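Notes follow the structure.
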Amino acid sequence: MELSKNFLHNEAELKWYAHWNSAGYFTSKPDDRPPYTIVMPPPNVTGVLHMGHALNNSVQDILVRRAKMMGYNTCWVPGTDHASIATEAKVVGMLRDRGIDKKTMPREKFLEYAWEWKEKYGGIILKQLEKLGCSLDWSRTNFTMDEAYYAAVIRVFNELYEKGLIYRGVKMINWDPKAKTALSDEEVIHRQTNSKLYYVRYKLDSDKEEYITIATVRPETILGDTAICVHPEDERYKHLVGRYCYVPLLNRRIPIIFDTYIDKEFGTGALKVTPAHDINDYNLGLKHGLPVIDTLNDDGTMSEAAQLYVGQDRFAVRKKIVEDLREAGNLVKEEDYSNQVGFSERTDVVIEPRLSMQWWCNMQELAKPALEAVMSDEIEFHPAKFKNTYRHWMGNIKDWCISRQLWWGQRIPAWYDAEGGLYVANTAEEAHAQYKSKKPELAAKNTELRQDDDVLDTWFSSWLWPMQVFGWNEAPGNKDLQYYYPTNTLVTAPEIIFFWVARMIMAGYEFLDKKPFDKVYFTGIVRDKQGRKMSKSLGNSPDLLQMIEDNGADAVRFSVMISSPAGNDLLFDESQLEQGRNFCNKMWNAMKLVKSWEGRQQEGLEDSQVKFALDWMDARLAQVSGEVTEMIKDFRLSEGLKTIYSLIWNDFCSWYLEWVKPGMEQPISAHVYQRTISIYEQLLQLLHPYMPFITEEIYHIIRERKEGDDLIEKQLPVYGTPDAEILKGGVMLQELISSVRDTRNKNQLKPKNTIKLWIDTTHHSFYESVQDILRRQVNAEHIGYTTGPKQGSIAIVVQTDKLYIEAAAATIDTGAQKEQMQKELEYLKGFLVSIDKKLGNEKFVQNAKPEVIDNERKKYADGEAKIKTLEESLALIG
RNA sequence: GGGAGCAUAGCUCAGCUGGUUCAGAGCAUCUGCCUUACAAGCAGAGGGUCCGCGGUUCGAACCCGUGUGCUCCCA
C-alpha cells in the first residue's frame, strides 16, 4: 500500500467515526461490567460548537474512552437544552426578519414556529460533536422539552408545590426589558460601567429658597421618588425632621425620612427613595410605609405613572431629564462615576429592578443535603477550591425566581378561575377536578379555567438532567437508572456551578435521595491570547469546524488539552494547534518507517545488539503507563498528555527507533520487528483517548486486523514493575550519546566524519549491552576499551566513566575542554559542600526522613567519584 | 463591600504530600545538518533574583504573614 506523505485526517475521521458508530461501540446497555457514566452538559439548541465545547467535550471523551479501555461499560449521554430565553429570542428574531410580530400571533402559533426552528437548527451542535470524535451514545439523545422530560418537570413542580416549597408572590425581581421577562439573580451579569453621578436639588417645603441635594446615577427614576432619606445622625440634615420637599419637574410633595441604612459618605449623604425601581429603596419603602410608583413599562419605556416622557425609552429620558433639570435649575453638578450595572445574560440589556408577581422556589431545605454532600466529599469537586465558592453560595441561598414571561418552555401548571382562585395540577383535567370539588357553584356557572401564561426557567428542567435522561419520571426503579445512576463524573465549567451543578445536586437528593454524580471536574474558561474570554460577541472565537477541517480533530483535541490544567483557564494559542498537527505527522512518519521494515524481516537473525533497546522501551512503557493512570485518576489530563507525547516523540521516535533501526537495505530480525509493532500498539493505546482518530488509523495500518479488532475497544494491558536497572541504563546511554554528539559539534566534526571511541570504565557488561547502539548513534567506526588516556584524543567524562574520542578530522581544542571540565568540577565541589553541611547538621540528621538522608549520602558518594574522574582527566590533558 | 485565585525562561504554562544546587516543557532564539520515516524534521546550545519584604524550618518556588500588580465570582 502506498502511504501518503502526511496523515490525511479528513478521510480517516469520517471513516472511523462511521465505523465506531455502526459497530455499536458507542451504545451502552446494562450488563455485568461496572458502569462508567457521564451525562453531557446539554448545549443550547441554539448553540454552535465553540472552543469551550471543544475543551469540555474532549475532556469527557478522554475519560469515557479511557474507562472503556479499562473494562468499564461506558455510557455518555448526549442531548440539548431548550434554552428558553435564548431560543425564544432567536425565534422572535427570525419572525421579525420575515416581517412577523410575535405579539400578533397566538401562543400555539408561535410554538409551532419555535418547534419548526428547533427541528431545523437545533441539534446542529450534536452533529458537530461527531466531528470532534465524541463517543456519545446517540440512542440516548435527550431534549429537555421532549414529552417525557416535560412531564417530569411538571411533576417536580407539583411535588414541590405540595410540599409548600413553591409559591407565588410579589417581589422585586430582575426585569429584562428586551426579552420582557423576569430573570433569576444568576442570570444577571454585573459589569463595571462608566456612568455619571448627577447631583440634583429638591426644593424644601418652605417659604424660603431652601433645598436638599441628592446624588443619583439614574435621574429618570426621579419621577418615581416617594421620599428622601438621610442618616439620623447626620448633622447636616438634623433640622429636617418632619419636613417635606418637592420632586423636581413634578412638584410632588414627599417626606424626608431618616434611616441608618444611609451611607453618610456617599454623595451628599441624602438618598432619593424610589421603591418601585431599586431593591434597597423597596425595602426602605416597606419599612417606612412609602407608596410605590412604577414609572416604567415592561419594555423599558416610561409609563403613565411617570406623568412625563410617557412612552419614551428610559435611556433617552435619562438624557432629556438631565437637560430639563438643568433648565429648571435643579441640576447642581454632574461628575464621572464608575459603578456596577446589571446586564441580562441573554439579551445584554440593562436590567431594571421591578416589582412583580412571580413564582418562587424556596431553596433553604433543598440546599441542606446538597451543601453537606459537597463539604463531606461525598461528591468530590476537582479542583477542590470550588468547594469554597459553593459553600458561600449555598449558605446564603435565596429563593429562586422560576417563572419567565415567555412561551418557549414548560408552561407553569397552574390554573386560575374567574375569581382568581389557584389550582396547581399535573394536567388541566386534574385542575378542573380540583376546581369542581372546591368551588362547585362557580364551576357550574363558569367552567373555564385560565392557565398561567408563564413558563419555567430553563434550569428548572435541566436540574433533572442526570435522572431524567434515564427515564426517572416514567419508571423510577427502572434498570437503566439503577445501573447508570449516580453517574460518575460531571464535566462542566465553573461558571454554571450555581445555575446547574448545585441545583442538580439538590434535585438528586430531593427526588431520588441519591447524589447525581460522584465527582465534578471543572474545566477552565477558554480565553484568547490577550486573556479575553472567547465569545461570539467579541468575535474572538475561532471557527472550530474550520479548525478541525484544516488541522484534524486530533490536533484540535491535542491543542486544547495540552495546556488546560483542571480549573485553570486556558489561553488558546494557535502554536499549540501546530504542535498537535506536527505530533500527528511525527506518528505517521514513525509508522511509515516501521512499515518499511515489514518486508525485510528475517527469522533467526541475531538481535542481541538491540536487546537493550527492547527491554528499555518495555520498562519505559510500564513506567509511563503507571504515571498516566495516576494522572488521569487525579484529572491531571494535561500532564498525562504531555507525558505520553514525550514518551512517543522522545523515547520511542528519537531513541528507540534509532536504536533498533537496521542499516540501509538491511534485514531486520523478525522478533525485533514484532516487538516493535507491539510496542507501537501499546503507545497507540495509551494515546487513543486523547487522539482517537490517528491512533485507530495507525493501529489498522501497522498490522492486519480481524473484523472487530479495533483500538477503541482494546483493553489496556496490565504492566508489572519496570526494571529500575534498565531504566537507569537508558538514561546513561542517552547521556553518553548526547555527550559525544555535543563534543562532536563543538569540535566541528561533521555528522559524516567517523570517530573512534575509547572507554575507560568498570561497567563493562553495561557497555557491551549497548555498544552497538552507541557506535551507530555517534557514528563511531570503532569502540574499544582502555585503562589509560589516548594520545591525541578528546577526553570527556560521563558520570564516572572516561571517554576518549579519536577523530582524524578534528581540530582539538583542549582549552575549551578544560574550561568545561573545570566548570563542572567547581559545580560539583560546591554541591559536595552543600551536602556536607547538611549531613554535618545534627538537626538535619535527626529530623529528616531516613530515605532522604540515604539519598544525600549516595549523592555525596556519586559526586566524589565523579570529581575523582574529572580531576584525573584534567591532569591528563594537562 | 464580601469571597476565591494567580504572579516561575522573551511568550504560554508544568512543578503532586517542603528534601537532587531544582528550577522544567512547548513555542520563540542561536549553532550545525536537505543523515532515504519525518525540514511540520534531526543533532546540539544559550536563557530564570521562582513578584518585593518578613517569618516558620536542619532545609522554602512550595508553608505562614505582609505589600504590590492582575483575574474571576458574589452583593
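Chain identifiers are assigned as A, B, and so on, following the order in which chains appear in the C-alpha cells; residues are numbered from 1 within each chain, and ligands are numbered from 1 in order of appearance.
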Which of segment 266-378 of chain A counts as alpha helix (DSSP H) under DSSP, as a PyMOL selection string please? chain A and resi 279-288+314-328+364-375
Let me see the file: selected residues, C-alpha atoms, as an mmCIF file, in the first residue's frame.
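Written output follows (out.cif):
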```cif
data_model
loop_
_atom_site.group_PDB
_atom_site.id
_atom_site.type_symbol
_atom_site.label_atom_id
_atom_site.label_comp_id
_atom_site.auth_asym_id
_atom_site.auth_seq_id
_atom_site.Cartn_x
_atom_site.Cartn_y
_atom_site.Cartn_z
ATOM 1 C CA ILE A 279 -34.369 46.724 45.792
ATOM 2 C CA ASN A 280 -32.911 48.727 48.663
ATOM 3 C CA ASP A 281 -35.351 51.554 48.116
ATOM 4 C CA TYR A 282 -38.102 48.996 48.074
ATOM 5 C CA ASN A 283 -37.072 47.669 51.463
ATOM 6 C CA LEU A 284 -36.858 51.219 52.804
ATOM 7 C CA GLY A 285 -40.301 51.867 51.414
ATOM 8 C CA LEU A 286 -41.711 48.821 53.175
ATOM 9 C CA LYS A 287 -40.162 49.898 56.433
ATOM 10 C CA HIS A 288 -41.411 53.467 56.227
ATOM 11 C CA ARG A 314 -35.526 55.009 29.687
ATOM 12 C CA PHE A 315 -32.127 55.957 28.322
ATOM 13 C CA ALA A 316 -33.462 58.669 26.058
ATOM 14 C CA VAL A 317 -35.352 60.006 29.041
ATOM 15 C CA ARG A 318 -32.195 59.997 31.142
ATOM 16 C CA LYS A 319 -30.624 62.458 28.726
ATOM 17 C CA LYS A 320 -33.718 64.595 28.429
ATOM 18 C CA ILE A 321 -34.445 64.801 32.100
ATOM 19 C CA VAL A 322 -30.907 65.956 32.801
ATOM 20 C CA GLU A 323 -31.428 68.810 30.347
ATOM 21 C CA ASP A 324 -34.804 69.647 31.795
ATOM 22 C CA LEU A 325 -33.443 69.586 35.338
ATOM 23 C CA ARG A 326 -30.633 71.861 34.293
ATOM 24 C CA GLU A 327 -33.096 74.247 32.746
ATOM 25 C CA ALA A 328 -35.290 74.156 35.818
ATOM 26 C CA GLN A 364 -33.406 26.573 52.133
ATOM 27 C CA GLU A 365 -34.408 22.991 52.693
ATOM 28 C CA LEU A 366 -33.177 21.713 49.347
ATOM 29 C CA ALA A 367 -29.783 23.254 49.927
ATOM 30 C CA LYS A 368 -29.058 21.455 53.191
ATOM 31 C CA PRO A 369 -28.231 17.937 51.986
ATOM 32 C CA ALA A 370 -26.660 19.376 48.847
ATOM 33 C CA LEU A 371 -24.256 21.505 50.834
ATOM 34 C CA GLU A 372 -23.435 18.657 53.177
ATOM 35 C CA ALA A 373 -22.683 16.264 50.315
ATOM 36 C CA VAL A 374 -20.037 18.514 48.818
ATOM 37 C CA MET A 375 -18.492 19.577 52.094
#
```
Please identify which residues in segment 182-404 of chain A DSSP calls strand (DSSP E) from the backbone, and express them as an MDAnalysis selection string. chainID A and resid 182:183 188:204 211:216 227:230 244:246 253:258 270:273 331:344 352:361 380:382 400:401 403:404
Show me, as a VMD selection string, every residue of chain A with an atom at most 7 Å from chain B, counting only C-alpha atoms (C1' of nucleotides). chain A and resid 389 563 575 582 585 to 586 589 to 590 592 to 593 742 745 831 841 843 to 844 852
Selected residues written out with all heavy atoms, as a CSV table (one decimal), in the first residue's frame:
```
chain,number,residue,atom,x,y,z
A,389,THR,N,-16.5,28.4,47.0
A,389,THR,CA,-17.5,29.1,46.2
A,389,THR,C,-18.8,28.5,46.5
A,389,THR,O,-19.8,29.3,46.7
A,389,THR,CB,-17.1,29.0,44.7
A,389,THR,OG1,-15.7,29.1,44.6
A,389,THR,CG2,-17.8,30.1,44.0
A,563,SER,N,-2.6,22.3,27.4
A,563,SER,CA,-2.3,23.3,28.4
A,563,SER,C,-3.6,23.7,29.2
A,563,SER,O,-3.9,24.8,29.3
A,563,SER,CB,-1.7,24.5,27.8
A,563,SER,OG,-2.7,25.1,27.0
A,575,SER,N,-0.2,28.2,18.2
A,575,SER,CA,1.0,27.4,18.1
A,575,SER,C,0.8,26.0,18.7
A,575,SER,O,1.5,25.0,18.3
A,575,SER,CB,2.2,28.1,18.8
A,575,SER,OG,2.0,28.0,20.2
A,582,ASN,N,1.8,18.6,14.1
A,582,ASN,CA,3.2,18.1,14.0
A,582,ASN,C,3.3,16.7,14.7
A,582,ASN,O,4.0,15.8,14.2
A,582,ASN,CB,4.2,19.0,14.5
A,582,ASN,CG,4.3,20.3,13.7
A,582,ASN,OD1,3.6,20.4,12.7
A,582,ASN,ND2,5.1,21.3,14.2
A,585,ASN,N,1.9,14.1,12.5
A,585,ASN,CA,2.8,13.9,11.4
A,585,ASN,C,3.9,13.0,11.9
A,585,ASN,O,4.4,12.1,11.2
A,585,ASN,CB,3.3,15.2,10.9
A,585,ASN,CG,4.1,15.1,9.6
A,585,ASN,OD1,3.7,14.3,8.8
A,585,ASN,ND2,5.2,15.8,9.5
A,586,LYS,N,4.4,13.3,13.1
A,586,LYS,CA,5.5,12.5,13.6
A,586,LYS,C,5.1,11.0,13.8
A,586,LYS,O,5.8,10.1,13.3
A,586,LYS,CB,5.9,13.1,15.0
A,586,LYS,CG,7.1,12.4,15.6
A,586,LYS,CD,8.4,12.9,14.9
A,586,LYS,CE,9.6,12.2,15.4
A,586,LYS,NZ,10.8,12.6,14.7
A,589,ASN,N,4.8,9.3,10.4
A,589,ASN,CA,6.1,9.0,9.8
A,589,ASN,C,6.8,7.9,10.5
A,589,ASN,O,7.5,7.0,9.9
A,589,ASN,CB,7.0,10.2,9.8
A,589,ASN,CG,6.7,11.1,8.6
A,589,ASN,OD1,6.9,10.7,7.4
A,589,ASN,ND2,6.1,12.3,8.8
A,590,ALA,N,6.6,7.8,11.8
A,590,ALA,CA,7.2,6.7,12.6
A,590,ALA,C,6.6,5.4,12.1
A,590,ALA,O,7.2,4.4,11.9
A,590,ALA,CB,6.9,6.9,14.1
A,592,LYS,N,5.4,4.9,9.1
A,592,LYS,CA,5.9,4.6,7.8
A,592,LYS,C,7.3,4.0,7.9
A,592,LYS,O,7.6,3.0,7.1
A,592,LYS,CB,6.0,5.9,7.0
A,592,LYS,CG,4.8,6.3,6.2
A,592,LYS,CD,4.7,7.7,5.8
A,592,LYS,CE,5.8,8.1,4.7
A,592,LYS,NZ,5.7,9.5,4.4
A,593,LEU,N,8.1,4.4,8.8
A,593,LEU,CA,9.4,3.8,9.0
A,593,LEU,C,9.3,2.3,9.4
A,593,LEU,O,9.8,1.5,8.8
A,593,LEU,CB,10.2,4.6,10.1
A,593,LEU,CG,11.5,4.0,10.5
A,593,LEU,CD1,12.5,4.0,9.3
A,593,LEU,CD2,12.1,4.7,11.7
A,742,ASP,N,27.6,16.2,21.5
A,742,ASP,CA,27.9,17.6,21.8
A,742,ASP,C,29.4,17.9,21.6
A,742,ASP,O,29.7,18.9,21.0
A,742,ASP,CB,27.6,17.8,23.3
A,742,ASP,CG,27.8,19.2,23.8
A,742,ASP,OD1,27.7,20.1,22.9
A,742,ASP,OD2,28.1,19.5,24.9
A,745,ASN,N,29.9,18.2,17.9
A,745,ASN,CA,29.5,19.6,17.5
A,745,ASN,C,30.5,20.6,17.8
A,745,ASN,O,30.9,21.4,17.0
A,745,ASN,CB,28.2,19.9,18.2
A,745,ASN,CG,27.0,19.7,17.3
A,745,ASN,OD1,27.2,19.4,16.2
A,745,ASN,ND2,25.8,19.8,17.9
A,831,PHE,N,28.5,21.5,45.2
A,831,PHE,CA,27.5,20.6,45.5
A,831,PHE,C,27.8,19.8,46.8
A,831,PHE,O,27.0,19.6,47.7
A,831,PHE,CB,27.3,19.7,44.3
A,831,PHE,CG,26.2,18.7,44.4
A,831,PHE,CD1,25.0,19.0,44.9
A,831,PHE,CD2,26.5,17.4,43.9
A,831,PHE,CE1,24.0,18.0,44.9
A,831,PHE,CE2,25.5,16.4,44.0
A,831,PHE,CZ,24.2,16.7,44.5
A,841,ASN,N,24.9,18.6,59.9
A,841,ASN,CA,24.0,19.3,60.7
A,841,ASN,C,23.2,18.3,61.5
A,841,ASN,O,22.4,17.5,61.0
A,841,ASN,CB,23.0,20.1,59.8
A,841,ASN,CG,22.0,20.9,60.6
A,841,ASN,OD1,21.7,20.6,61.7
A,841,ASN,ND2,21.6,22.0,60.0
A,843,LYS,N,20.6,18.6,63.4
A,843,LYS,CA,19.2,18.7,63.3
A,843,LYS,C,18.7,18.0,62.1
A,843,LYS,O,17.6,17.4,62.1
A,843,LYS,CB,18.8,20.1,63.4
A,843,LYS,CG,18.8,20.7,64.8
A,843,LYS,CD,18.3,22.1,64.8
A,843,LYS,CE,18.3,22.6,66.3
A,843,LYS,NZ,18.1,24.0,66.3
A,844,PHE,N,19.4,18.2,61.0
A,844,PHE,CA,19.0,17.5,59.7
A,844,PHE,C,19.0,16.0,59.9
A,844,PHE,O,18.0,15.3,59.6
A,844,PHE,CB,19.9,17.9,58.6
A,844,PHE,CG,19.7,17.1,57.3
A,844,PHE,CD1,18.6,17.4,56.6
A,844,PHE,CD2,20.6,16.2,56.9
A,844,PHE,CE1,18.3,16.6,55.4
A,844,PHE,CE2,20.3,15.4,55.8
A,844,PHE,CZ,19.2,15.7,55.0
A,852,VAL,N,15.7,10.2,52.9
A,852,VAL,CA,16.3,11.5,52.4
A,852,VAL,C,17.8,11.5,52.8
A,852,VAL,O,18.6,11.9,52.0
A,852,VAL,CB,15.5,12.7,53.0
A,852,VAL,CG1,16.2,14.0,52.7
A,852,VAL,CG2,14.1,12.7,52.5
```
Neighbouring residues of Leu736 of chain A were defined as those with any atom within 8 Å, considering only C-alpha atoms (C1' of nucleotides); residues of the same chain fewer than 3 positions away were excluded. Please report them as a ChimeraX atom specification. /A:732-733,739-740,774,798
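Distances from A:Ala67, A:Ile755, A:Leu876, A:Ile835 to Pro789 of chain A were compared using only C-alpha atoms, and the smallest one belongs to A:Leu876.
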Just the residues within 10 Å of segment 257-272 of chain A, please, counting only C-alpha atoms (C1' of nucleotides), with nothing from its chain fewer than 2 positions along; format it as a ChimeraX atom specification. /A:197-200,202,212-216,219,221-222,224-234,236-238,240-244,247,254-255,274-275,280-281,284,287-288
For segment 861-869 of chain A, work out the shell of residues within 9 Å, counting only C-alpha atoms (C1' of nucleotides) and skipping chain neighbours fewer than 4 positions away, then give it as a PDB file with C-alpha atoms, in the first residue's frame.
```pdb
ATOM      1  CA  VAL A 797      33.572  12.431  31.334  1.00  0.00           C
ATOM      2  CA  VAL A 798      30.128  10.883  31.577  1.00  0.00           C
ATOM      3  CA  GLN A 799      29.063  10.113  35.124  1.00  0.00           C
ATOM      4  CA  THR A 800      32.149   8.265  36.408  1.00  0.00           C
ATOM      5  CA  ASP A 801      33.420   6.953  33.100  1.00  0.00           C
ATOM      6  CA  LYS A 802      36.069   8.464  30.892  1.00  0.00           C
ATOM      7  CA  GLU A 824      31.739  21.161  36.135  1.00  0.00           C
ATOM      8  CA  LEU A 825      34.339  20.421  38.768  1.00  0.00           C
ATOM      9  CA  LEU A 828      30.365  19.524  41.851  1.00  0.00           C
ATOM     10  CA  LYS A 829      32.607  20.744  44.625  1.00  0.00           C
ATOM     11  CA  PHE A 831      27.474  20.590  45.522  1.00  0.00           C
ATOM     12  CA  LEU A 832      29.508  18.428  47.862  1.00  0.00           C
ATOM     13  CA  GLU A 856      22.112  12.594  50.421  1.00  0.00           C
ATOM     14  CA  ARG A 857      24.844  10.104  51.316  1.00  0.00           C
ATOM     15  CA  SER A 873      41.072  13.621  33.177  1.00  0.00           C
ATOM     16  CA  LEU A 874      42.132  17.177  33.768  1.00  0.00           C
TER      17      LEU A 874
END
```
Record the distance separating atom CA of Ser793 of chain A and atom CA of Gln777 of chain A, expressed in Å with one decimal. 19.1 Å
